[in-house]
>>> print(open('start.cif').read())   # mmCIF, C-alpha atoms
data_coords
#
loop_
_atom_site.group_PDB
_atom_site.id
_atom_site.type_symbol
_atom_site.label_atom_id
_atom_site.label_comp_id
_atom_site.auth_asym_id
_atom_site.auth_seq_id
_atom_site.Cartn_x
_atom_site.Cartn_y
_atom_site.Cartn_z
ATOM 1 C CA MET U 1 -132.929 -114.213 -117.951
ATOM 2 C CA GLU U 2 -136.436 -113.475 -119.311
ATOM 3 C CA GLU U 3 -135.109 -111.042 -121.882
ATOM 4 C CA LEU U 4 -132.593 -113.575 -123.179
ATOM 5 C CA ILE U 5 -135.229 -116.318 -123.300
ATOM 6 C CA SER U 6 -137.509 -114.000 -125.242
ATOM 7 C CA LYS U 7 -134.739 -113.398 -127.790
ATOM 8 C CA ILE U 8 -134.187 -117.136 -128.143
ATOM 9 C CA GLU U 9 -137.926 -117.653 -128.635
ATOM 10 C CA GLU U 10 -137.874 -115.079 -131.421
ATOM 11 C CA ILE U 11 -134.964 -116.770 -133.143
ATOM 12 C CA LEU U 12 -136.408 -120.272 -132.817
ATOM 13 C CA GLU U 13 -139.866 -118.890 -133.617
ATOM 14 C CA VAL U 14 -141.436 -120.829 -130.742
ATOM 15 C CA GLU U 15 -143.683 -119.658 -127.931
ATOM 16 C CA GLY U 16 -143.339 -121.010 -124.399
ATOM 17 C CA LEU U 17 -139.732 -122.132 -124.739
ATOM 18 C CA ASP U 18 -138.912 -125.189 -122.609
ATOM 19 C CA ILE U 19 -135.567 -124.178 -121.156
ATOM 20 C CA THR U 20 -134.866 -127.675 -119.859
ATOM 21 C CA LYS U 21 -134.412 -128.750 -123.467
ATOM 22 C CA LYS U 22 -131.260 -128.450 -125.538
ATOM 23 C CA PHE U 23 -131.270 -126.207 -128.606
ATOM 24 C CA THR U 24 -130.863 -129.284 -130.761
ATOM 25 C CA ASP U 25 -134.011 -130.839 -129.291
ATOM 26 C CA TYR U 26 -136.042 -128.294 -131.218
ATOM 27 C CA ASP U 27 -137.014 -129.187 -134.782
ATOM 28 C CA GLU U 28 -136.696 -125.493 -135.554
ATOM 29 C CA TRP U 29 -132.968 -125.536 -134.747
ATOM 30 C CA ASP U 30 -130.818 -125.154 -137.840
ATOM 31 C CA SER U 31 -127.683 -123.407 -139.036
ATOM 32 C CA LEU U 32 -129.580 -120.131 -139.486
ATOM 33 C CA CYS U 33 -130.706 -120.259 -135.839
ATOM 34 C CA SER U 34 -127.146 -120.958 -134.788
ATOM 35 C CA LEU U 35 -125.846 -117.961 -136.758
ATOM 36 C CA SER U 36 -128.603 -115.785 -135.341
ATOM 37 C CA ILE U 37 -127.841 -116.802 -131.753
ATOM 38 C CA LEU U 38 -124.133 -116.075 -132.238
ATOM 39 C CA ALA U 39 -124.854 -112.693 -133.812
ATOM 40 C CA MET U 40 -127.281 -111.848 -130.992
ATOM 41 C CA LEU U 41 -124.739 -112.845 -128.321
ATOM 42 C CA ASP U 42 -122.160 -110.613 -129.949
ATOM 43 C CA SER U 43 -124.357 -107.567 -130.479
ATOM 44 C CA ASP U 44 -126.456 -107.684 -127.323
ATOM 45 C CA TYR U 45 -124.152 -109.343 -124.782
ATOM 46 C CA HIS U 46 -120.667 -108.800 -126.281
ATOM 47 C CA ILE U 47 -119.968 -112.494 -125.932
ATOM 48 C CA THR U 48 -118.184 -114.663 -128.479
ATOM 49 C CA MET U 49 -119.113 -118.320 -128.811
ATOM 50 C CA THR U 50 -119.001 -120.901 -131.570
ATOM 51 C CA GLY U 51 -121.977 -122.738 -132.991
ATOM 52 C CA LYS U 52 -120.618 -125.986 -131.559
ATOM 53 C CA GLU U 53 -120.439 -124.477 -128.079
ATOM 54 C CA VAL U 54 -124.006 -123.217 -128.221
ATOM 55 C CA ALA U 55 -125.334 -126.555 -129.409
ATOM 56 C CA SER U 56 -123.378 -128.450 -126.763
ATOM 57 C CA PHE U 57 -125.081 -126.941 -123.699
ATOM 58 C CA ASP U 58 -127.093 -129.579 -121.840
ATOM 59 C CA SER U 59 -130.055 -127.215 -121.641
ATOM 60 C CA ILE U 60 -131.081 -123.759 -122.778
ATOM 61 C CA GLU U 61 -131.279 -122.811 -119.101
ATOM 62 C CA ILE U 62 -127.605 -123.662 -118.561
ATOM 63 C CA PHE U 63 -126.762 -121.715 -121.712
ATOM 64 C CA CYS U 64 -128.649 -118.668 -120.414
ATOM 65 C CA LYS U 65 -126.940 -118.847 -117.025
ATOM 66 C CA GLU U 66 -123.568 -119.052 -118.736
ATOM 67 C CA VAL U 67 -124.323 -116.012 -120.881
ATOM 68 C CA LEU U 68 -125.520 -113.961 -117.939
ATOM 69 C CA SER U 69 -122.569 -115.010 -115.779
ATOM 70 C CA ARG U 70 -120.241 -113.528 -118.382
ATOM 71 C CA GLN U 71 -121.907 -110.119 -118.094
ATOM 72 C CA MET T 1 -129.850 -108.330 -176.624
ATOM 73 C CA ALA T 2 -130.684 -111.978 -175.871
ATOM 74 C CA LEU T 3 -130.287 -112.485 -172.163
ATOM 75 C CA GLN T 4 -129.365 -115.912 -170.886
ATOM 76 C CA LEU T 5 -129.143 -117.059 -167.301
ATOM 77 C CA ARG T 6 -126.767 -119.572 -165.748
ATOM 78 C CA THR T 7 -127.170 -120.355 -162.063
ATOM 79 C CA ILE T 8 -124.405 -121.849 -159.956
ATOM 80 C CA VAL T 9 -125.053 -123.232 -156.483
ATOM 81 C CA ASN T 10 -122.526 -121.651 -154.176
ATOM 82 C CA SER T 11 -120.482 -123.680 -151.708
ATOM 83 C CA PRO T 12 -120.200 -124.458 -148.814
ATOM 84 C CA VAL T 13 -123.519 -122.646 -148.219
ATOM 85 C CA THR T 14 -125.987 -123.566 -150.962
ATOM 86 C CA SER T 15 -127.011 -120.088 -152.070
ATOM 87 C CA ASN T 16 -127.370 -119.148 -155.734
ATOM 88 C CA CYS T 17 -124.916 -117.232 -157.862
ATOM 89 C CA HIS T 18 -126.634 -116.091 -161.043
ATOM 90 C CA ILE T 19 -124.685 -115.172 -164.147
ATOM 91 C CA LEU T 20 -126.812 -113.148 -166.537
ATOM 92 C CA TYR T 21 -125.283 -112.698 -169.947
ATOM 93 C CA ASP T 22 -125.957 -111.462 -173.423
ATOM 94 C CA ASP T 23 -125.304 -114.378 -175.715
ATOM 95 C CA TYR T 24 -124.460 -112.017 -178.571
ATOM 96 C CA SER T 25 -122.106 -109.482 -176.987
ATOM 97 C CA LYS T 26 -120.903 -111.896 -174.233
ATOM 98 C CA HIS T 27 -121.153 -109.191 -171.585
ATOM 99 C CA CYS T 28 -122.358 -110.494 -168.235
ATOM 100 C CA LEU T 29 -123.386 -109.630 -164.711
ATOM 101 C CA ILE T 30 -122.401 -111.735 -161.707
ATOM 102 C CA ILE T 31 -125.105 -111.738 -159.065
ATOM 103 C CA ASP T 32 -124.388 -112.886 -155.507
ATOM 104 C CA PRO T 33 -121.079 -114.734 -155.913
ATOM 105 C CA GLY T 34 -121.202 -116.494 -152.555
ATOM 106 C CA SER T 35 -118.817 -119.407 -152.977
ATOM 107 C CA GLU T 36 -115.776 -119.687 -150.794
ATOM 108 C CA ASN T 37 -113.869 -120.831 -153.857
ATOM 109 C CA PRO T 38 -114.648 -118.882 -157.057
ATOM 110 C CA GLU T 39 -113.352 -121.599 -159.421
ATOM 111 C CA GLU T 40 -116.780 -122.679 -160.670
ATOM 112 C CA ILE T 41 -117.793 -119.089 -161.403
ATOM 113 C CA LEU T 42 -114.501 -118.482 -163.204
ATOM 114 C CA GLY T 43 -115.026 -121.727 -165.107
ATOM 115 C CA VAL T 44 -118.474 -120.713 -166.394
ATOM 116 C CA ILE T 45 -117.198 -117.298 -167.435
ATOM 117 C CA ALA T 46 -114.308 -118.894 -169.322
ATOM 118 C CA GLU T 47 -116.466 -121.644 -170.829
ATOM 119 C CA LEU T 48 -118.961 -119.143 -172.233
ATOM 120 C CA TYR T 49 -116.273 -116.567 -173.197
ATOM 121 C CA LEU T 50 -117.999 -113.939 -171.071
ATOM 122 C CA CYS T 51 -116.853 -110.452 -170.183
ATOM 123 C CA PRO T 52 -118.045 -109.496 -166.670
ATOM 124 C CA ASP T 53 -119.188 -105.892 -166.228
ATOM 125 C CA TYR T 54 -120.524 -105.762 -162.657
ATOM 126 C CA ILE T 55 -121.084 -107.743 -159.506
ATOM 127 C CA PHE T 56 -124.582 -107.065 -158.180
ATOM 128 C CA LEU T 57 -125.334 -107.967 -154.569
ATOM 129 C CA THR T 58 -128.863 -108.547 -153.317
ATOM 130 C CA HIS T 59 -127.698 -108.206 -149.716
ATOM 131 C CA GLU T 60 -124.746 -108.265 -147.399
ATOM 132 C CA HIS T 61 -124.660 -111.813 -146.006
ATOM 133 C CA PHE T 62 -121.460 -113.789 -146.572
ATOM 134 C CA ASP T 63 -123.113 -116.616 -148.499
ATOM 135 C CA HIS T 64 -123.910 -114.068 -151.205
ATOM 136 C CA MET T 65 -120.559 -112.243 -151.410
ATOM 137 C CA TRP T 66 -117.779 -114.645 -150.403
ATOM 138 C CA SER T 67 -116.117 -114.547 -153.847
ATOM 139 C CA CYS T 68 -116.342 -110.783 -154.269
ATOM 140 C CA ALA T 69 -112.765 -110.019 -153.308
ATOM 141 C CA ALA T 70 -111.387 -112.660 -155.689
ATOM 142 C CA LEU T 71 -113.614 -111.557 -158.588
ATOM 143 C CA VAL T 72 -112.877 -107.856 -158.115
ATOM 144 C CA GLU T 73 -109.168 -108.655 -158.142
ATOM 145 C CA LYS T 74 -109.466 -110.901 -161.213
ATOM 146 C CA TYR T 75 -111.700 -108.717 -163.380
ATOM 147 C CA SER T 76 -111.379 -105.219 -161.840
ATOM 148 C CA ILE T 77 -115.149 -104.848 -161.992
ATOM 149 C CA PRO T 78 -117.305 -102.749 -159.676
ATOM 150 C CA ILE T 79 -119.633 -104.101 -157.044
ATOM 151 C CA ALA T 80 -123.063 -102.471 -157.115
ATOM 152 C CA CYS T 81 -125.297 -102.631 -154.039
ATOM 153 C CA SER T 82 -127.047 -100.501 -151.445
ATOM 154 C CA ARG T 83 -125.058 -98.199 -149.161
ATOM 155 C CA ILE T 84 -125.713 -100.355 -146.107
ATOM 156 C CA CYS T 85 -124.771 -103.484 -148.013
ATOM 157 C CA SER T 86 -121.495 -101.887 -149.097
ATOM 158 C CA PHE T 87 -120.685 -101.005 -145.514
ATOM 159 C CA ASP T 88 -121.637 -104.416 -144.160
ATOM 160 C CA ILE T 89 -119.741 -106.538 -146.693
ATOM 161 C CA GLN T 90 -116.579 -104.971 -145.293
ATOM 162 C CA ASP T 91 -117.454 -106.054 -141.750
ATOM 163 C CA ARG T 92 -117.034 -109.681 -140.656
ATOM 164 C CA LYS T 93 -119.759 -109.369 -138.064
ATOM 165 C CA LYS T 94 -122.271 -107.491 -140.178
ATOM 166 C CA ASN T 95 -121.931 -109.966 -143.036
ATOM 167 C CA LEU T 96 -122.193 -112.799 -140.445
ATOM 168 C CA SER T 97 -119.122 -114.633 -141.763
ATOM 169 C CA VAL T 98 -117.254 -114.536 -138.465
ATOM 170 C CA PHE T 99 -120.132 -116.383 -136.836
ATOM 171 C CA TYR T 100 -119.918 -119.031 -139.553
ATOM 172 C CA ASN T 101 -116.249 -119.928 -139.434
ATOM 173 C CA GLN T 102 -114.825 -117.805 -136.573
ATOM 174 C CA VAL T 103 -112.426 -116.149 -139.035
ATOM 175 C CA GLY T 104 -114.705 -114.186 -141.270
ATOM 176 C CA ILE T 105 -114.268 -112.666 -144.680
ATOM 177 C CA VAL T 106 -114.535 -109.172 -146.069
ATOM 178 C CA SER T 107 -115.141 -107.675 -149.474
ATOM 179 C CA PRO T 108 -113.928 -104.437 -151.017
ATOM 180 C CA PRO T 109 -116.566 -101.698 -150.843
ATOM 181 C CA ALA T 110 -119.028 -101.165 -153.665
ATOM 182 C CA ARG T 111 -117.941 -98.728 -156.350
ATOM 183 C CA VAL T 112 -121.554 -98.198 -157.333
ATOM 184 C CA ILE T 113 -123.844 -97.218 -154.466
ATOM 185 C CA LEU T 114 -127.406 -97.644 -155.679
ATOM 186 C CA GLU T 115 -128.756 -94.685 -153.706
ATOM 187 C CA GLU T 116 -126.288 -92.485 -155.586
ATOM 188 C CA VAL T 117 -127.585 -93.563 -159.000
ATOM 189 C CA ASP T 118 -131.260 -93.249 -158.036
ATOM 190 C CA TRP T 119 -131.624 -97.049 -158.001
ATOM 191 C CA ILE T 120 -131.239 -97.335 -161.778
ATOM 192 C CA LEU T 121 -128.278 -98.579 -163.781
ATOM 193 C CA ASP T 122 -127.860 -98.772 -167.497
ATOM 194 C CA TRP T 123 -126.211 -102.008 -168.543
ATOM 195 C CA LYS T 124 -125.324 -102.182 -172.223
ATOM 196 C CA GLY T 125 -128.503 -100.344 -173.167
ATOM 197 C CA LYS T 126 -130.676 -102.298 -170.758
ATOM 198 C CA GLN T 127 -132.166 -100.513 -167.778
ATOM 199 C CA VAL T 128 -131.738 -102.271 -164.449
ATOM 200 C CA CYS T 129 -134.257 -101.136 -161.819
ATOM 201 C CA PHE T 130 -133.354 -101.748 -158.196
ATOM 202 C CA TYR T 131 -135.745 -101.547 -155.262
ATOM 203 C CA ASN T 132 -134.887 -101.304 -151.594
ATOM 204 C CA SER T 133 -136.248 -104.471 -149.959
ATOM 205 C CA PRO T 134 -135.698 -104.552 -146.196
ATOM 206 C CA GLY T 135 -137.003 -107.475 -144.193
ATOM 207 C CA HIS T 136 -134.513 -110.319 -144.431
ATOM 208 C CA SER T 137 -131.674 -107.852 -144.067
ATOM 209 C CA VAL T 138 -131.487 -104.117 -143.708
ATOM 210 C CA GLY T 139 -129.420 -103.540 -146.848
ATOM 211 C CA GLY T 140 -131.341 -105.815 -149.172
ATOM 212 C CA VAL T 141 -132.426 -104.969 -152.699
ATOM 213 C CA ILE T 142 -134.369 -106.709 -155.425
ATOM 214 C CA PHE T 143 -133.935 -105.827 -159.070
ATOM 215 C CA ILE T 144 -135.433 -106.403 -162.474
ATOM 216 C CA ILE T 145 -133.499 -106.984 -165.685
ATOM 217 C CA GLY T 146 -135.659 -107.889 -168.652
ATOM 218 C CA LYS T 147 -137.957 -110.713 -167.565
ATOM 219 C CA TYR T 148 -135.810 -111.617 -164.559
ATOM 220 C CA LEU T 149 -136.520 -110.537 -160.985
ATOM 221 C CA PHE T 150 -133.599 -111.143 -158.644
ATOM 222 C CA THR T 151 -134.804 -111.379 -155.071
ATOM 223 C CA GLY T 152 -131.914 -112.725 -152.995
ATOM 224 C CA ASP T 153 -133.266 -114.060 -149.710
ATOM 225 C CA THR T 154 -136.250 -111.693 -149.741
ATOM 226 C CA LEU T 155 -138.328 -114.155 -151.736
ATOM 227 C CA MET T 156 -137.593 -117.842 -152.249
ATOM 228 C CA LYS T 157 -139.772 -120.646 -153.564
ATOM 229 C CA ASP T 158 -141.899 -122.337 -150.890
ATOM 230 C CA ILE T 159 -139.673 -121.055 -148.074
ATOM 231 C CA ALA T 160 -140.561 -118.564 -145.350
ATOM 232 C CA THR T 161 -138.150 -115.664 -145.647
ATOM 233 C CA PRO T 162 -135.761 -115.832 -142.679
ATOM 234 C CA THR T 163 -136.184 -112.868 -140.336
ATOM 235 C CA LYS T 164 -134.142 -114.240 -137.428
ATOM 236 C CA PHE T 165 -131.211 -111.873 -137.649
ATOM 237 C CA CYS T 166 -130.560 -108.759 -135.586
ATOM 238 C CA CYS T 167 -131.315 -106.464 -138.502
ATOM 239 C CA SER T 168 -134.238 -108.495 -139.847
ATOM 240 C CA SER T 169 -137.801 -107.263 -139.574
ATOM 241 C CA LYS T 170 -140.972 -109.176 -140.326
ATOM 242 C CA GLU T 171 -142.905 -105.907 -140.521
ATOM 243 C CA ARG T 172 -140.530 -104.480 -143.120
ATOM 244 C CA LEU T 173 -140.714 -107.775 -144.981
ATOM 245 C CA LYS T 174 -144.491 -107.454 -145.190
ATOM 246 C CA GLU T 175 -144.076 -104.022 -146.784
ATOM 247 C CA THR T 176 -141.540 -105.411 -149.241
ATOM 248 C CA LEU T 177 -143.826 -108.305 -150.168
ATOM 249 C CA ALA T 178 -146.688 -105.878 -150.695
ATOM 250 C CA PHE T 179 -144.488 -104.069 -153.194
ATOM 251 C CA ILE T 180 -143.519 -107.311 -154.925
ATOM 252 C CA GLU T 181 -147.223 -108.098 -155.253
ATOM 253 C CA THR T 182 -147.524 -104.994 -157.457
ATOM 254 C CA LEU T 183 -144.949 -106.469 -159.853
ATOM 255 C CA LYS T 184 -147.263 -109.321 -160.782
ATOM 256 C CA GLY T 185 -148.648 -109.339 -164.297
ATOM 257 C CA GLN T 186 -145.305 -108.699 -165.976
ATOM 258 C CA HIS T 187 -144.489 -112.411 -166.441
ATOM 259 C CA LEU T 188 -141.365 -112.036 -164.322
ATOM 260 C CA LEU T 189 -139.216 -115.044 -163.517
ATOM 261 C CA VAL T 190 -138.027 -114.929 -159.905
ATOM 262 C CA CYS T 191 -134.351 -115.784 -159.478
ATOM 263 C CA PRO T 192 -133.986 -116.286 -155.726
ATOM 264 C CA GLY T 193 -131.001 -116.423 -153.393
ATOM 265 C CA HIS T 194 -131.585 -120.102 -152.650
ATOM 266 C CA GLY T 195 -133.538 -122.797 -154.461
ATOM 267 C CA ASP T 196 -135.291 -122.912 -157.797
ATOM 268 C CA THR T 197 -136.480 -120.123 -160.068
ATOM 269 C CA PHE T 198 -140.244 -119.643 -160.380
ATOM 270 C CA GLU T 199 -142.829 -117.441 -162.031
ATOM 271 C CA LEU T 200 -144.005 -114.538 -159.915
ATOM 272 C CA ASP T 201 -147.486 -114.124 -161.386
ATOM 273 C CA ASP T 202 -148.922 -117.358 -159.963
ATOM 274 C CA TYR T 203 -146.986 -117.358 -156.702
ATOM 275 C CA ASP T 204 -148.667 -116.921 -153.329
ATOM 276 C CA LEU T 205 -146.439 -114.400 -151.560
ATOM 277 C CA ARG T 206 -147.955 -115.288 -148.172
ATOM 278 C CA LYS T 207 -145.664 -118.324 -148.214
ATOM 279 C CA ALA T 208 -142.790 -115.951 -147.473
ATOM 280 C CA LEU T 209 -144.253 -115.021 -144.077
#
>>> encode(input="start.cif", output="structure tokens")
Amino acid sequence: MEELISKIEEILEVEGLDITKKFTDYDEWDSLCSLSILAMLDSDYHITMTGKEVASFDSIEIFCKEVLSRQ
Amino acid sequence: MALQLRTIVNSPVTSNCHILYDDYSKHCLIIDPGSENPEEILGVIAELYLCPDYIFLTHEHFDHMWSCAALVEKYSIPIACSRICSFDIQDRKKNLSVFYNQVGIVSPPARVILEEVDWILDWKGKQVCFYNSPGHSVGGVIFIIGKYLFTGDTLMKDIATPTKFCCSSKERLKETLAFIETLKGQHLLVCPGHGDTFELDDYDLRKAL
């Protein structure tokens, strides 16, 4: 989980990510972040999602658990 | 040769397509045609009675090459870009388009690979100098034609250059910006991949970081 959180921090360009928040709670969240997350999921985790799916998770923690459960 | 520039804002992503043309001979270059629908680009070319010679790509992302396939089919002109860019524009994942609309788009490969022409092209007697510019993307280039410096997403006005992608690198971007710093003093007009044009000489390149 830590590795994935670190990648999300890099994409959002935030330190100390609050994983109880949704992606869309962050001011830094934009379409570029969405594209970057999707590309990262594909290249690093071989998972396909849509931008809508990623943004719809109730928290980043739930998103991370979902990604790791698909491994 | 009197070079004129017309910039079209691509759609649905608001990147810039630049059309650089010689008002006398009517020959032109199409730079980063990133619109899903090429109609506006075709309209400008028809309106100005232009004859396209090349498509130049600053980098491989879909919002800079979406119209390539249509324009290559219409005008039978070559795409010129870096080797990596040529490879990636043919790949829905590498050009990021599949992550944008879940379908993706591809372009024909470049017929002019910049590494194979030593990063210099002669366009109707005008020398075009290309420079490898990794940072935003791995296959990025910037290039100078006359007083114009085309930077794609490597350098944009008052915007930090995005380095969020898998193949992005802030460290490589710093090296690229250090090179761009050396281009100051030539009164170059920066024609970026998004947003307004601006003069390089007075610009604080630290804004890109």
>>> resolve_selection(input="start.cif", expression="the PyMOL selection byres ((chain T and resi 2) around 8)", output="number ranges by chain")
T: 1, 3-4, 22-24
>>> closest_residue(input="start.cif", among="U:Asp18, U:Glu53, U:Asp25, U:Glu13", to="chain T", atoms="all atoms listed in the file")
U:Glu13
>>> atom_distance(input="start.cif", atom1="CA of Leu20 in chain T", atom2="CA of Ala160 in chain T")
25.8 Å
>>> resolve_selection(input="start.cif", expression="the PyMOL selection byres ((chain U) within 8 of (chain T))", output="PyMOL selection string")
chain U and resi 10-12+32-33+35-36+38-40+50-51
>>> atom_distance(input="start.cif", atom1="CA of Cys85 in chain T", atom2="CA of Val106 in chain T")
11.9 Å
>>> resolve_selection(input="start.cif", expression="the PyMOL selection byres ((chain T and resi 140) around 12)", output="MDAnalysis selection string")
chainID T and resid 32 56:61 64 80:86 88:89 95 114 130:139 141:143 150:155 167:169 172:173 176 193
>>> write_last_selection(input="start.cif", atoms="C-alpha atoms", output="CSV table (one decimal), keeping the file's coordinate frame")
chain,number,residue,atom,x,y,z
T,32,ASP,CA,-124.4,-112.9,-155.5
T,56,PHE,CA,-124.6,-107.1,-158.2
T,57,LEU,CA,-125.3,-108.0,-154.6
T,58,THR,CA,-128.9,-108.5,-153.3
T,59,HIS,CA,-127.7,-108.2,-149.7
T,60,GLU,CA,-124.7,-108.3,-147.4
T,61,HIS,CA,-124.7,-111.8,-146.0
T,64,HIS,CA,-123.9,-114.1,-151.2
T,80,ALA,CA,-123.1,-102.5,-157.1
T,81,CYS,CA,-125.3,-102.6,-154.0
T,82,SER,CA,-127.0,-100.5,-151.4
T,83,ARG,CA,-125.1,-98.2,-149.2
T,84,ILE,CA,-125.7,-100.4,-146.1
T,85,CYS,CA,-124.8,-103.5,-148.0
T,86,SER,CA,-121.5,-101.9,-149.1
T,88,ASP,CA,-121.6,-104.4,-144.2
T,89,ILE,CA,-119.7,-106.5,-146.7
T,95,ASN,CA,-121.9,-110.0,-143.0
T,114,LEU,CA,-127.4,-97.6,-155.7
T,130,PHE,CA,-133.4,-101.7,-158.2
T,131,TYR,CA,-135.7,-101.5,-155.3
T,132,ASN,CA,-134.9,-101.3,-151.6
T,133,SER,CA,-136.2,-104.5,-150.0
T,134,PRO,CA,-135.7,-104.6,-146.2
T,135,GLY,CA,-137.0,-107.5,-144.2
T,136,HIS,CA,-134.5,-110.3,-144.4
T,137,SER,CA,-131.7,-107.9,-144.1
T,138,VAL,CA,-131.5,-104.1,-143.7
T,139,GLY,CA,-129.4,-103.5,-146.8
T,141,VAL,CA,-132.4,-105.0,-152.7
T,142,ILE,CA,-134.4,-106.7,-155.4
T,143,PHE,CA,-133.9,-105.8,-159.1
T,150,PHE,CA,-133.6,-111.1,-158.6
T,151,THR,CA,-134.8,-111.4,-155.1
T,152,GLY,CA,-131.9,-112.7,-153.0
T,153,ASP,CA,-133.3,-114.1,-149.7
T,154,THR,CA,-136.2,-111.7,-149.7
T,155,LEU,CA,-138.3,-114.2,-151.7
T,167,CYS,CA,-131.3,-106.5,-138.5
T,168,SER,CA,-134.2,-108.5,-139.8
T,169,SER,CA,-137.8,-107.3,-139.6
T,172,ARG,CA,-140.5,-104.5,-143.1
T,173,LEU,CA,-140.7,-107.8,-145.0
T,176,THR,CA,-141.5,-105.4,-149.2
T,193,GLY,CA,-131.0,-116.4,-153.4
>>> residues_near_point(input="start.cif", point="(-134.1, -130.8, -118.7)", cutoff="10 Å", atoms="only C-alpha atoms", output="list in words")
Asp18, Ile19, Thr20, Lys21, Lys22, Asp58, Ser59, Ile60, Glu61 and Ile62 of chain U
>>> closest_residue(input="start.cif", among="U:Glu2, U:Phe23, U:Glu9, U:Val67", to="Lys52 in chain U", atoms="all atoms listed in the file")
U:Phe23
>>> axis_aligned_box(input="start.cif", around="range 63-72 of chain T", padding_each_side="6 Å", output="lines of an AutoDock Vina configuration file")
center_x = -117.6
center_y = -112.2
center_z = -153.5
size_x = 24.5
size_y = 20.8
size_z = 22.1
>>> residues_around(input="start.cif", residues="Ser35 in chain T", least_positions_apart="4", cutoff="7 Å", atoms="all atoms listed in the file", output="list in words")
Asn10, Ser11, Pro12, Asp63, Trp66 and Ser67 of chain T
>>> write_last_selection(input="start.cif", atoms="C-alpha atoms", output="PDB file, in the coordinates of the input")
ATOM      1  CA  ASN T  10    -122.526-121.651-154.176  1.00  0.00           C
ATOM      2  CA  SER T  11    -120.482-123.680-151.708  1.00  0.00           C
ATOM      3  CA  PRO T  12    -120.200-124.458-148.814  1.00  0.00           C
ATOM      4  CA  ASP T  63    -123.113-116.616-148.499  1.00  0.00           C
ATOM      5  CA  TRP T  66    -117.779-114.645-150.403  1.00  0.00           C
ATOM      6  CA  SER T  67    -116.117-114.547-153.847  1.00  0.00           C
TER       7      SER T  67
END
>>> atom_distance(input="start.cif", atom1="CA of Ser56 in chain U", atom2="CA of Met65 in chain T")
29.6 Å
>>> closest_residue(input="start.cif", among="U:Ile37, U:Ser43, U:Phe57, U:Ser31", to="Ile5 in chain U", atoms="all atoms listed in the file")
U:Ile37
>>> build_atoms(input="start.cif", residues="range 75-89 of chain T", atoms="N, CA and C atoms", output="tab-separated table (two decimals), in the frame of the given file")
chain	number	residue	atom	x	y	z
T	75	TYR	N	-111.10	-109.41	-162.23
T	75	TYR	CA	-111.70	-108.72	-163.38
T	75	TYR	C	-111.71	-107.18	-163.25
T	76	SER	N	-111.34	-106.68	-162.09
T	76	SER	CA	-111.38	-105.22	-161.84
T	76	SER	C	-112.75	-104.63	-162.16
T	77	ILE	N	-113.78	-105.32	-161.73
T	77	ILE	CA	-115.15	-104.85	-161.99
T	77	ILE	C	-115.75	-104.27	-160.72
T	78	PRO	N	-116.70	-103.34	-160.87
T	78	PRO	CA	-117.30	-102.75	-159.68
T	78	PRO	C	-118.37	-103.63	-159.06
T	79	ILE	N	-118.49	-103.53	-157.75
T	79	ILE	CA	-119.63	-104.10	-157.04
T	79	ILE	C	-120.70	-103.02	-156.99
T	80	ALA	N	-121.94	-103.40	-157.25
T	80	ALA	CA	-123.06	-102.47	-157.12
T	80	ALA	C	-124.03	-103.03	-156.07
T	81	CYS	N	-124.36	-102.21	-155.08
T	81	CYS	CA	-125.30	-102.63	-154.04
T	81	CYS	C	-125.74	-101.40	-153.24
T	82	SER	N	-126.58	-101.62	-152.26
T	82	SER	CA	-127.05	-100.50	-151.44
T	82	SER	C	-125.91	-99.99	-150.55
T	83	ARG	N	-126.09	-98.80	-150.02
T	83	ARG	CA	-125.06	-98.20	-149.16
T	83	ARG	C	-124.80	-99.06	-147.92
T	84	ILE	N	-125.87	-99.52	-147.31
T	84	ILE	CA	-125.71	-100.36	-146.11
T	84	ILE	C	-125.02	-101.66	-146.46
T	85	CYS	N	-125.40	-102.24	-147.58
T	85	CYS	CA	-124.77	-103.48	-148.01
T	85	CYS	C	-123.27	-103.27	-148.22
T	86	SER	N	-122.91	-102.17	-148.86
T	86	SER	CA	-121.50	-101.89	-149.10
T	86	SER	C	-120.71	-101.77	-147.79
T	87	PHE	N	-121.32	-101.14	-146.83
T	87	PHE	CA	-120.68	-101.00	-145.51
T	87	PHE	C	-120.55	-102.38	-144.86
T	88	ASP	N	-121.61	-103.16	-144.91
T	88	ASP	CA	-121.64	-104.42	-144.16
T	88	ASP	C	-120.77	-105.51	-144.78
T	89	ILE	N	-120.58	-105.49	-146.10
T	89	ILE	CA	-119.74	-106.54	-146.69
T	89	ILE	C	-118.28	-106.37	-146.29
